[in-house]
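Remarks on the structure that follows.
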2 protein chains.
Amino acid sequence: MSLNNIAIIGLGLLGGSLGLAIKERLPDANTTGFDRDLDVRKRAGELGLVGTVADTASDAVSDADLVILCVPVGAMSAAASELAAALKPNAIVSDVGSSKASVSKALTEALPGATVIPAHPVAGTERSGPDAGFATLFEGRWCILTPPEGADEAAASSLRAFWEALGSTVEIMDAAHHDLVLAVTSHIPHLIAYTIVGTASDLEDVTQGEVIKYSAGGFRDFTRIAASDPTMWRDVFLSNREAVLEVLGRFSEDLTALQRAIRSGDGDTLFDLFTRTRDIRRSIIDMGQDDAAPDFGRKHD
Amino acid sequence: MSLNNIAIIGLGLLGGSLGLAIKERLPDANTTGFDRDLDVRKRAGELGLVGTVADTASDAVSDADLVILCVPVGAMSAAASELAAALKPNAIVSDVGSSKASVSKALTEALPGATVIPAHPVAGTERSGPDAGFATLFEGRWCILTPPEGADEAAASSLRAFWEALGSTVEIMDAAHHDLVLAVTSHIPHLIAYTIVGTASDLEDVTQGEVIKYSAGGFRDFTRIAASDPTMWRDVFLSNREAVLEVLGRFSEDLTALQRAIRSGDGDTLFDLFTRTRDIRRSIIDMGQDDAAPDFGRKHD
């Protein structure tokens, strides 16, 4: 199944990067794009994120072999309904959403009979909007496909080949398992980062100026992900509620245990954990999923 | 008061960087160094971290106008006692510890009559040991001095000038306030990062391999600071217990509120917080305390 005509719905960081990556890696493919925000459509045209910016979602998808929804997960259902009538019979509909069980349900319900293969490229930055996109976002990153039971295997293979062409490594996973794994590796880290940044800015005895000045002690690392798109993340937490609450419960238990160790002066418990966590960092660097440069290669002058 | 002879006790990331920074920025100063670990002393000599590596703490400090203790905060008292008898009468004794009230107490008790001016350069990386040091670590960073009540003002001024010569901006602060500010901007972020990395590696339904593979979703940011030196951080939590527990209590309350918002589907609460936290990120970048490059400038290819 060749995917010559690709429609991208939503032209922010992910949609824009996807358009630019296709232009660079699959130069023969035609891309059309749509965003419900007129300013974003204009900007996408100026930046050349896609070959053609369409004025409606229907126009964007009418010739598409592959439609990729790059909207917040809470907007998937509405976006899918909007284009349902204009889809070609054999078109593959996919997405880039960070939670998969709810998106899979939303898309299959909004598009009865369509070939739906949800996907999640595990890549992003703290920036958002059409200007944030860049062609290499997906290179060397994982992309997880969660085909629903009974999904067309040829369609899943085509989608795999598409993501591999963009430089990603593809994994197939059950949607529920995806949601648990990503709750751990992405959703809870974001929630914690948002929380601590909020806590720090609400203290009475420490000014916000002090928090900002002395942020190099560790806090600033958290602010990067706490600068991510608010709409996207609100939707992620609401749509992956069960897994998020489960992992959050475990995190809270572990934090309480450390709190008790600090209160009772139990240095061994602290030392043992702090030693164990170093190994995980090393493995992430060995797997090429982070930069080994000290301090993320931040300049010190 | 001129500080021509400077002794550095402890030759890890901080002590080593200090030696290299002095060599570059204050080339006329003489530096002597000591570390209780023979291998570290040898390595410090090979790397030229200080002008002279001494075999005992007493030898290192006997000519020093300024002694800087660069050991974990739990080892300050013992390190100070070891060199007490060899100090010159007017020598300034300082340190680089991350908590200040307990260190101030430990140093003034171990060195009765000495001129003690505790200090905390808010700078570091996740690396540790003598090979981790580099000359520019302190450039553009804040250094907080916490002179005890009645401390020699000329000594505090000299120490201020010293840190400014290394490229830092100096602030004077009360030790207790320092400990609260740093609990927020450094200690709690480290504790949370250590906790979530521990939680992630202990789950039954998500393998460690999966955690590592999909870490680019946010988790990897936490692993950087969770790779910091275990001994140093154990000591920080034990020595700054009160402030750490206070801020941790606030964080837990805030996290519980978000947990409730997720459980009840209250998207507005989530969205409001996530919007507010973006501004803090922007201010940190404007103040030059972090890198504005998307994704910390990590390569995407």
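Ligands are numbered from 1 in the order shown, residues from 1 within each chain, and chains are lettered A, B, ... in the order they appear in the structure tokens.
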
Exercise. Can you tell me, as number ranges by chain, what residues are no more than 9 Å from stretch 20-29 of chain A when counting only C-alpha atoms, ignoring any on the same chain fewer than 6 positions away?
Worked result: A: 3-6, 48-51, 133-138, 162, 165-167

For this session: Tell me which of A:Ser128, A:Thr231, A:Thr108, A:Thr169 sits closest to chain B, counting only C-alpha atoms.
Result: A:Thr231

For this session: Just the strand (DSSP E or B) stuff from stretch 12-239 of chain A, please, per backbone DSSP, written as a PyMOL selection string.
Result: chain A and resi 30-34+52-53+66-69+92-95+115-116+119-121+142-145+169-172

Using only N, CA and C atoms, please write the residues we just selected to a file, as a compact mmCIF listing (two decimals), in the first residue's frame.
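The resulting file, again_35.txt, is reproduced below:
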```txt
# COMPACT_ATOMS: atom_id res chain seq x y z
N ASN A 30 2.89 13.83 -1.51
CA ASN A 30 2.19 15.12 -1.47
C ASN A 30 1.59 15.29 -0.08
N THR A 31 1.77 16.45 0.49
CA THR A 31 1.16 16.69 1.80
C THR A 31 0.15 17.83 1.72
N THR A 32 -0.98 17.61 2.37
CA THR A 32 -1.95 18.68 2.57
C THR A 32 -2.14 18.83 4.08
N GLY A 33 -2.45 20.03 4.50
CA GLY A 33 -2.60 20.24 5.93
C GLY A 33 -3.79 21.12 6.24
N PHE A 34 -4.28 20.97 7.46
CA PHE A 34 -5.37 21.83 7.92
C PHE A 34 -5.19 22.08 9.41
N THR A 52 0.30 21.82 0.55
CA THR A 52 -0.91 22.63 0.39
C THR A 52 -1.60 22.80 1.73
N VAL A 53 -1.95 24.03 2.06
CA VAL A 53 -2.78 24.25 3.25
C VAL A 53 -4.22 24.37 2.77
N LEU A 66 -3.32 8.55 3.61
CA LEU A 66 -3.01 8.50 5.04
C LEU A 66 -3.39 9.85 5.65
N VAL A 67 -4.18 9.80 6.70
CA VAL A 67 -4.57 11.00 7.43
C VAL A 67 -3.99 10.90 8.83
N ILE A 68 -3.25 11.92 9.25
CA ILE A 68 -2.66 11.87 10.60
C ILE A 68 -3.20 13.04 11.41
N LEU A 69 -3.91 12.71 12.49
CA LEU A 69 -4.48 13.73 13.35
C LEU A 69 -3.44 14.16 14.38
N ILE A 92 -5.97 5.26 5.43
CA ILE A 92 -5.59 4.92 6.81
C ILE A 92 -5.71 6.19 7.64
N VAL A 93 -6.35 6.07 8.80
CA VAL A 93 -6.43 7.21 9.71
C VAL A 93 -5.57 6.90 10.93
N SER A 94 -4.64 7.81 11.23
CA SER A 94 -3.78 7.62 12.38
C SER A 94 -3.67 8.94 13.14
N ASP A 95 -2.84 8.96 14.15
CA ASP A 95 -2.73 10.17 14.98
C ASP A 95 -1.35 10.17 15.63
N THR A 115 -10.21 2.56 8.36
CA THR A 115 -9.02 1.84 8.81
C THR A 115 -8.25 2.72 9.79
N VAL A 116 -8.45 2.44 11.06
CA VAL A 116 -7.84 3.28 12.10
C VAL A 116 -6.65 2.55 12.72
N ALA A 119 -1.23 5.85 16.61
CA ALA A 119 0.23 5.84 16.76
C ALA A 119 0.66 6.92 17.73
N HIS A 120 1.83 6.70 18.30
CA HIS A 120 2.39 7.70 19.21
C HIS A 120 3.90 7.79 19.03
N PRO A 121 4.36 8.81 18.29
CA PRO A 121 5.80 9.03 18.23
C PRO A 121 6.26 9.62 19.57
N TRP A 142 11.46 6.47 19.24
CA TRP A 142 10.53 5.37 19.06
C TRP A 142 9.17 5.88 18.63
N CYS A 143 8.49 5.08 17.80
CA CYS A 143 7.09 5.37 17.49
C CYS A 143 6.31 4.10 17.79
N ILE A 144 5.29 4.24 18.63
CA ILE A 144 4.51 3.09 19.08
C ILE A 144 3.18 3.05 18.32
N LEU A 145 2.92 1.93 17.64
CA LEU A 145 1.61 1.74 16.98
C LEU A 145 0.75 0.85 17.86
N THR A 169 12.07 4.23 15.07
CA THR A 169 11.99 2.79 15.24
C THR A 169 10.59 2.48 15.74
N VAL A 170 9.94 1.52 15.10
CA VAL A 170 8.52 1.28 15.39
C VAL A 170 8.34 0.07 16.31
N GLU A 171 7.46 0.21 17.27
CA GLU A 171 7.06 -0.90 18.14
C GLU A 171 5.54 -1.04 18.06
N ILE A 172 5.07 -2.27 18.14
CA ILE A 172 3.63 -2.51 18.20
C ILE A 172 3.27 -2.82 19.64
```

For this session: Compile the contact shell of stretch 256-263 of chain A as a ChimeraX atom specification: residues with an atom at most 8 Å away, counting only C-alpha atoms, same-chain residues fewer than 4 positions apart removed.
Result: /A:252,267,269-270 /B:195,237-238,241,245,248

Exercise. Running DSSP on the backbone, which parts of stretch 51-299 of chain B land in helix (DSSP H, G or I), as an NGL selection string?
Worked result: :B and (57-61 or 73-86 or 101-110 or 130-132 or 153-165 or 175-202 or 208-213 or 215-217 or 219-225 or 230-239 or 241-264 or 267-286 or 294-297)

Problem set entry | Neighbour list for B:Ile196 as a PyMOL selection string, cut-off 9 Å, only C-alpha atoms, skip fewer than 5 positions in-chain | (chain A and resi 184+188-189+251+254-255) or (chain B and resi 191+201+219+222-223)

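With only C-alpha atoms taken into account, the protein and nucleic acid residues at most 9 Å from A:Ser239 (excluding it and anything under 4 positions from it in its own chain) are A:Val73, A:Gly74, A:Ser99, A:Lys100, A:Ala101, A:Ser102, A:Val103, A:Arg234, A:Asp235.
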
Residue selection dump (C-alpha atoms) as a PDB file, in the first residue's frame:
```
ATOM      1  CA  VAL A  73      -6.246  14.041  22.412  1.00  0.00           C
ATOM      2  CA  GLY A  74      -9.421  15.681  23.709  1.00  0.00           C
ATOM      3  CA  SER A  99      -2.637   8.389  25.196  1.00  0.00           C
ATOM      4  CA  LYS A 100      -3.944   5.562  23.079  1.00  0.00           C
ATOM      5  CA  ALA A 101      -6.898   3.643  24.549  1.00  0.00           C
ATOM      6  CA  SER A 102      -9.172   6.689  24.619  1.00  0.00           C
ATOM      7  CA  VAL A 103      -7.993   7.932  21.225  1.00  0.00           C
ATOM      8  CA  ARG A 234      -4.735  18.710  30.255  1.00  0.00           C
ATOM      9  CA  ASP A 235      -6.172  16.305  27.690  1.00  0.00           C
TER      10      ASP A 235
END
```

For this session: Could you tell me which of B:Asp63, B:Asp266, B:Glu126, B:Asp290 comes closest to A:Ala216 if we count only C-alpha atoms?
Result: B:Asp290

Exercise. A:Ser158, A:Ser62, A:Ser17, A:Asn90: which is nearest chain B, counting only C-alpha atoms?
Worked result: A:Ser17

Problem set entry | Among listed residues A:Leu83, A:Met232, A:Ala154, A:Val122, nearest chain B (using only C-alpha atoms) | A:Val122

Seminar exercise, completed: Across A:Ile8, A:Ala175, A:Ala151, A:Ala123, the smallest distance to chain B, with only C-alpha atoms counted, is shown by A:Ala123

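What separates atom CA of A:Ile285 from atom CA of A:Leu13 is a distance of 24.9 Å.
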